Every structure is written in structure tokens, then in C-alpha cells.
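Take a look at the structure set out below.
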Amino acid sequence: MKKIFTIISFAALSLSAFAQESKPSIEVHGFIRNYYAFDTRKMIGLTEDFFTYVPYDEQPAANGDDVNAYANFRLAALTSRLWVEVKGYEVNGWKVGARVEGDFYNGLGSDKVTGTANFRLRQAFMTMGKNDWTIKAGQSWHPMAADMPDVFSLNTGAPFGPFSRTPLTQVDYNLGGGLSLTAAAIWQMQYTSNGPEGKSANYIKYGCTPELYAGLNYKENGVILRAGLNVLSIKPVLYDAAGFRTDRITTVTPFFYAQYAKDLFSVKFKTVYAEAGDHLNLNGGYGISEVLADGNCNYTPTRNSSSWLSLVYGKKVQGILFAGYVKNFGTKEALAGAAGVPAGFWFSGNSFENMNQMYRLTPTAIYNLGKVAFGLEYELTSVQYGDKSKGMNLDKGLYDQGLHWVTNHRVQGMIKYTF
């Protein structure tokens with residue numbers, strides 16, 4: 001019996017030595033956030049239109065009035081948030097952490113106003129780090145969307161920059177001297193590609209190819225630089241009456257981000273040259289460039305330049321200026337079709353396919369009273385649309401006739417308590 005006890009004790013000590021663990025700490029955080037927003041015209045938006053994209057194009061009524069030039073107002077606290085942080089756990093030299101985060105975005109009626117807001121998942125991921133390696137797995141910010149401007153608006157600058165939380169597995173490697181590498185395999189869930197069956201994750205699901213990202217980062221002395229390349233390959237159509245199809249479109253999107261911070265001042269800049277960037281909440285899409293004899297199609301993506309600049313100064317009282325610009329260059333190749341009507345064309349749901357260019361200016365003032373913040377923001381968003389009645393220029397994949405500007409003015413207030 002004594003021998004058995006000795007063996008068991010030795011085994012327990014061996015396992016303990018092999019799997020050396022520390023106890024994690026669990027912290028609960030969150031905030032209550034109230035928005036108050038007034039717009040001078042109808043906007044494409046989400047979350048009771050607090051998450052705004054672009055103003056609707058002109059739509060004249062019989063008497064000549066623009067039915068989309070209708071002022072509107074709303075207030076709500078549905079973007080209040082809760083998250084749980086797990087820190088301090090270490091096993092065999094691996095430092096492990098986790099985060100689960102949600103807010104009350106879901107559950108509103110189809111009119112975007114009535115209903116009861118329900119709790120929904122935003123992020124849920126774990127991290128493991130050892131020596132120069134860090135691994136992240138779960139749902140988190142897309143690597144191209146993680147760095148955001150300082151506006152307090154819910155859209156955080158979209159669609160002038162990527163905005164996507166998505167399932168991913170990401171690996172970072174520290175090269176030393178402030179340099180690091182990032183690689184990620186990414187899937188689609190809430191933010192998906194558009195296509196013949198509407199916005200859907202089926203295009204990537206049956207394409208059996210994850211979205212891939214690779215980037216180089218530099219961080220030292222208040223400077224952050226990132227450059228990366230994103231590749232997406234999807235299958236818009238799986239089969240038709242003749243059988244299975246081999247249709248596929250592959251897009252490549254580079255981006256660059258820069259940030260400098262010193263004392264009470266910081267400046268941030270991001271630019272993206274996207275091919276079919278609709279899954280990143282950018283303005284873009286793709287269309288059919290050729291219909292082959294066997295029924296399969298070749299596709300061509302839109303090309304879109306999206307950039308923003310953010311300046312902030314202050315701590316207790318902060319002044320912020322955001323500026324963004326988007327240019328739609330049309331499709332990479334000519335579109336198939338006739339008389340200004342493409343054979344197939346799918347554009348992002350957060351905009352309109354006749355969008356040619358747009359800009360936004362957003363001055364913001366925030367007063368911080370400890371953990372309470374009061375904010376006032378003016379957001380001017382102006383879009384140049386082409387006249388859809390004149391048809392699309394199929395050679396360019398662009399509506400470039402009857403160009404006209406449409407502008408929305410938004411005044412937004414915020415009260416926020418963080419705990």
C-alpha cells in the first residue's frame with residue numbers, strides 16, 4: 001500500500017511539474033452609451049440608423065419633391081456593451097487570455113425602430129503567447145479593421161475604412177526592433193460577400209477557401225505602421241440546370257495604416273485599395289465579364305480607393321477631426337451586357353452601385369468627467385451619384401453620366417458611462 005501511495009504521489013508531482021499553471025483572473029467591464037442623432041435626409045444605416053453609411057440618392061415625387069430629403073431624429077441606448085476579460089493564466093510558459101463581448105444590437109423590428117433589443121455576440125476569442133509567438137482564435141476584428149479613427153460615431157468611419165468582426169485564426173511573430181509579422185485565416189459570418197443569392201457566407205463556404213491575410217507591422221516610440229495584403233476567393237454560383245459550375249472570383253486588397261501619438265496629440269491614417277471590398281463594409285462588388293460556352297462565367301471586381309485621416313488633441317476636453325474620401329474606379333475589366341445593363345452585377349448593400357465618389361468631414365468635441373463622457377459631433381457626408389436611368393458604362397463598370405451630389409448633415413450627441 002505504501003508503495004502504491006509513493007507511485008501515485010510521484011506521478012502527481014511529475015504531472016504538476018509538466019503542467020505548471022497559474023490561476024486566471026476574471027474581470028467584467030462595460031459601458032452604458034446613449035446616442036441622440038438628427039439627420040437632414042434618409043440614410044442607409046444599421047442599428048436604428050446610428051450606424052450610418054451613405055445618404056440615399058435623389059428620388060423625386062410627382063410634385064418634384066425629393067422624398068429622401070426628409071429630416072429624422074432618434075435616441076437609444078441599445079449600443080450599451082458588456083465584456084468579460086480573462087487574464088493572468090499561464091501554463092508551461094504559455095500566457096493565455098480570453099475576451100467575450102456583446103451588446104444589444106439585435107431584435108429590432110423591420111422598421112428599425114420598434115421592438116426589443118436583444119443581447120448579441122460581438123467578440124469571443126482566446127489568445128496564447130510564448131516567447132515571440134502570439135496566437136488568436138475565435139471571433140475578433142479583421143486585421144485590416146482593428147485600427148480605427150477617434151470619432152465616437154457608431155460607424156467608426158465606415159465605409160471609408162474596413163469594418164468587420166469575423167471568425168479567424170491569427171498568428172503574430174515578433175521580429176524584434178519594433179517589427180512583427182501577422183498572418184490570418186479568416187471566415188465570413190456577419191459581414192459577407194454579395195452575389196446572385198444576396199449577401200451570404202455560402203460563397204466562401206462552398207469555395208472551401210478561407211480569406212487570407214499577411215502583414216508587416218512596426219511599433220516604436222509612438223509610431224505604428226502596418227502594411228498588409230488580403231486575398232479572398234469565392235464561388236458565386238455552385239450549379240445550374242446543366243450541373244456543377246466551376247465559377248470562381250479571386251480578389252486582392254492591399255492596405256496601409258500609420259499612427260503617431262505624443263503627449264495629448266495623435267494622428268491616424270488608413271488607406272485601402274479594395275477589389276470587391278463589400279465583405280469589409282467598403283463600397284464595392286463584382287460582375288460578370290464573360291459568359292462561356294459551357295455556361296460558366298468569368299467575373300471582374302470593382303476597384304475602390306478608401307482613405308481616412310483622424311486628428312485628436314486633449315484629454316479631459318478632446319477635439320477631434322475626421323476626414324474620409326472614397327473613389328469608385330469601376331470594374332477591373334469590362335462587364336458583359338447590353339444597352340447599359342450588365343449581365344450580372346452585385347454591389348455592397350451599404351451603398352448604391354451608381355456611387356462614383358464620396359467624402360465625409362466630422363468635427364467632434366468630447367468632455368471627459370472621470371468615467372463619464374459627453375460628446376457632440378457634426379458629420380457631413382456627401383456622395384456623387386451617376387444617373388441610373390442613363391445606364392451603366394459597361395466598359396468601365398461605372399455609372400458616369402448625369403453626375404450629381406447628395407449631402408446629409410448629421411448632428412449627434414452622446415452620453416457614456418464606462419465601468
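Ordering of the C-alpha cells sets the chain letters (A, B, ...); residue numbers start at 1 within each chain; ligands are numbered from 1 in the order shown.
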Worksheet entry | Shell around region 52-68 of chain A at 8 Å using only C-alpha atoms, local window under 6 positions removed, as a ChimeraX atom specification | /A:41-46,154-155,158-159,350-351,381-383,385,406-408
Fill in: Neighbour list for region 334-336 of chain A as a list in words, cut-off 8 Å, only C-alpha atoms, skip fewer than 4 positions in-chain
Gly287, Ile288, Ser289, Glu290, Val291, Thr300, Pro342, Ala343, Gly344, Leu394, Asp395, Lys396 and Gly397 of chain A
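Within the 9 Å cut-off around Leu280 (chain A), using only C-alpha atoms and omitting residues fewer than 6 positions from it on the same chain, the listed residues are A:His142, A:Met144, A:Ala145, A:Pro159, A:Gly161, A:Pro162, A:Phe163, A:Ser164, A:Tyr191, A:Thr192, A:Ser193.
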Go ahead and save the residues from that selection, with C-alpha atoms, as a JSON list (two decimals), in the first residue's frame.
[["chain", "number", "residue", "atom", "x", "y", "z"],
["A", 142, "HIS", "CA", -10.44, 41.65, -39.07],
["A", 144, "MET", "CA", -7.48, 45.39, -41.64],
["A", 145, "ALA", "CA", -10.29, 46.80, -39.46],
["A", 159, "PRO", "CA", -17.42, 52.97, -45.22],
["A", 161, "GLY", "CA", -12.27, 52.09, -43.86],
["A", 162, "PRO", "CA", -12.79, 48.34, -43.38],
["A", 163, "PHE", "CA", -15.26, 47.34, -40.65],
["A", 164, "SER", "CA", -15.61, 43.64, -39.87],
["A", 191, "TYR", "CA", -20.10, 40.59, -42.79],
["A", 192, "THR", "CA", -20.39, 38.59, -46.01],
["A", 193, "SER", "CA", -19.89, 38.88, -49.76]]
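For Ala373 (chain A), the non-local neighbours within 12 Å, defined as residues at least 4 positions apart in the same chain or in other chains and counting only C-alpha atoms, are Phe31, Ile32, Arg33, Asn34, Tyr35, Phe152, Lys315, Lys316, Val317, Gln318, Ala365, Ile366, Tyr367, Asn368, Leu369, Gly413, Met414, Ile415, Lys416, Tyr417, Thr418 and Phe419 of chain A.
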Pull N, CA and C atoms from the residues just selected and write them as a short mmCIF file (atom, residue, chain, number, x, y, z; two decimals), in the first residue's frame.
data_model
loop_
_atom_site.label_atom_id
_atom_site.label_comp_id
_atom_site.auth_asym_id
_atom_site.auth_seq_id
_atom_site.Cartn_x
_atom_site.Cartn_y
_atom_site.Cartn_z
N PHE A 31 -20.06 49.43 -20.70
CA PHE A 31 -20.47 50.83 -20.66
C PHE A 31 -21.95 50.94 -21.02
N ILE A 32 -22.57 52.00 -20.52
CA ILE A 32 -23.90 52.43 -20.93
C ILE A 32 -23.70 53.61 -21.86
N ARG A 33 -24.22 53.50 -23.07
CA ARG A 33 -24.00 54.57 -24.06
C ARG A 33 -25.34 55.00 -24.66
N ASN A 34 -25.61 56.27 -24.57
CA ASN A 34 -26.82 56.85 -25.13
C ASN A 34 -26.46 57.72 -26.32
N TYR A 35 -27.15 57.50 -27.45
CA TYR A 35 -26.96 58.33 -28.64
C TYR A 35 -28.21 59.16 -28.90
N PHE A 152 -16.62 59.24 -32.16
CA PHE A 152 -17.43 58.42 -31.28
C PHE A 152 -18.65 57.84 -31.99
N LYS A 315 -7.22 65.64 -23.45
CA LYS A 315 -7.51 64.50 -22.59
C LYS A 315 -8.86 64.70 -21.89
N LYS A 316 -8.95 65.69 -21.01
CA LYS A 316 -10.23 65.94 -20.36
C LYS A 316 -11.22 66.53 -21.36
N VAL A 317 -10.74 67.50 -22.13
CA VAL A 317 -11.53 68.03 -23.24
C VAL A 317 -10.79 67.67 -24.52
N GLN A 318 -11.45 66.91 -25.38
CA GLN A 318 -10.81 66.44 -26.61
C GLN A 318 -11.47 67.07 -27.83
N ALA A 365 -16.31 67.04 -30.44
CA ALA A 365 -15.83 67.53 -29.14
C ALA A 365 -16.32 66.57 -28.07
N ILE A 366 -15.40 66.16 -27.16
CA ILE A 366 -15.73 65.24 -26.07
C ILE A 366 -15.24 65.83 -24.76
N TYR A 367 -16.09 65.81 -23.75
CA TYR A 367 -15.72 66.24 -22.40
C TYR A 367 -15.74 65.00 -21.51
N ASN A 368 -14.59 64.68 -20.92
CA ASN A 368 -14.45 63.50 -20.07
C ASN A 368 -14.47 63.91 -18.61
N LEU A 369 -15.45 63.39 -17.88
CA LEU A 369 -15.59 63.63 -16.46
C LEU A 369 -15.38 62.30 -15.74
N GLY A 413 -25.32 63.60 -30.46
CA GLY A 413 -24.84 63.72 -29.10
C GLY A 413 -24.65 62.36 -28.48
N MET A 414 -23.82 62.29 -27.45
CA MET A 414 -23.53 61.04 -26.77
C MET A 414 -23.32 61.29 -25.28
N ILE A 415 -23.87 60.39 -24.45
CA ILE A 415 -23.56 60.32 -23.02
C ILE A 415 -23.15 58.88 -22.73
N LYS A 416 -21.99 58.71 -22.09
CA LYS A 416 -21.45 57.36 -21.92
C LYS A 416 -20.83 57.22 -20.53
N TYR A 417 -21.16 56.12 -19.86
CA TYR A 417 -20.53 55.79 -18.57
C TYR A 417 -19.85 54.44 -18.71
N THR A 418 -18.55 54.41 -18.49
CA THR A 418 -17.76 53.19 -18.63
C THR A 418 -17.43 52.63 -17.24
N PHE A 419 -17.59 51.34 -17.05
CA PHE A 419 -17.30 50.73 -15.76
C PHE A 419 -16.45 49.48 -15.93
#
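The gap separating CA of Leu212 (chain A) from CA of Asn328 (chain A) is 23.8 Å, in Å to one decimal.
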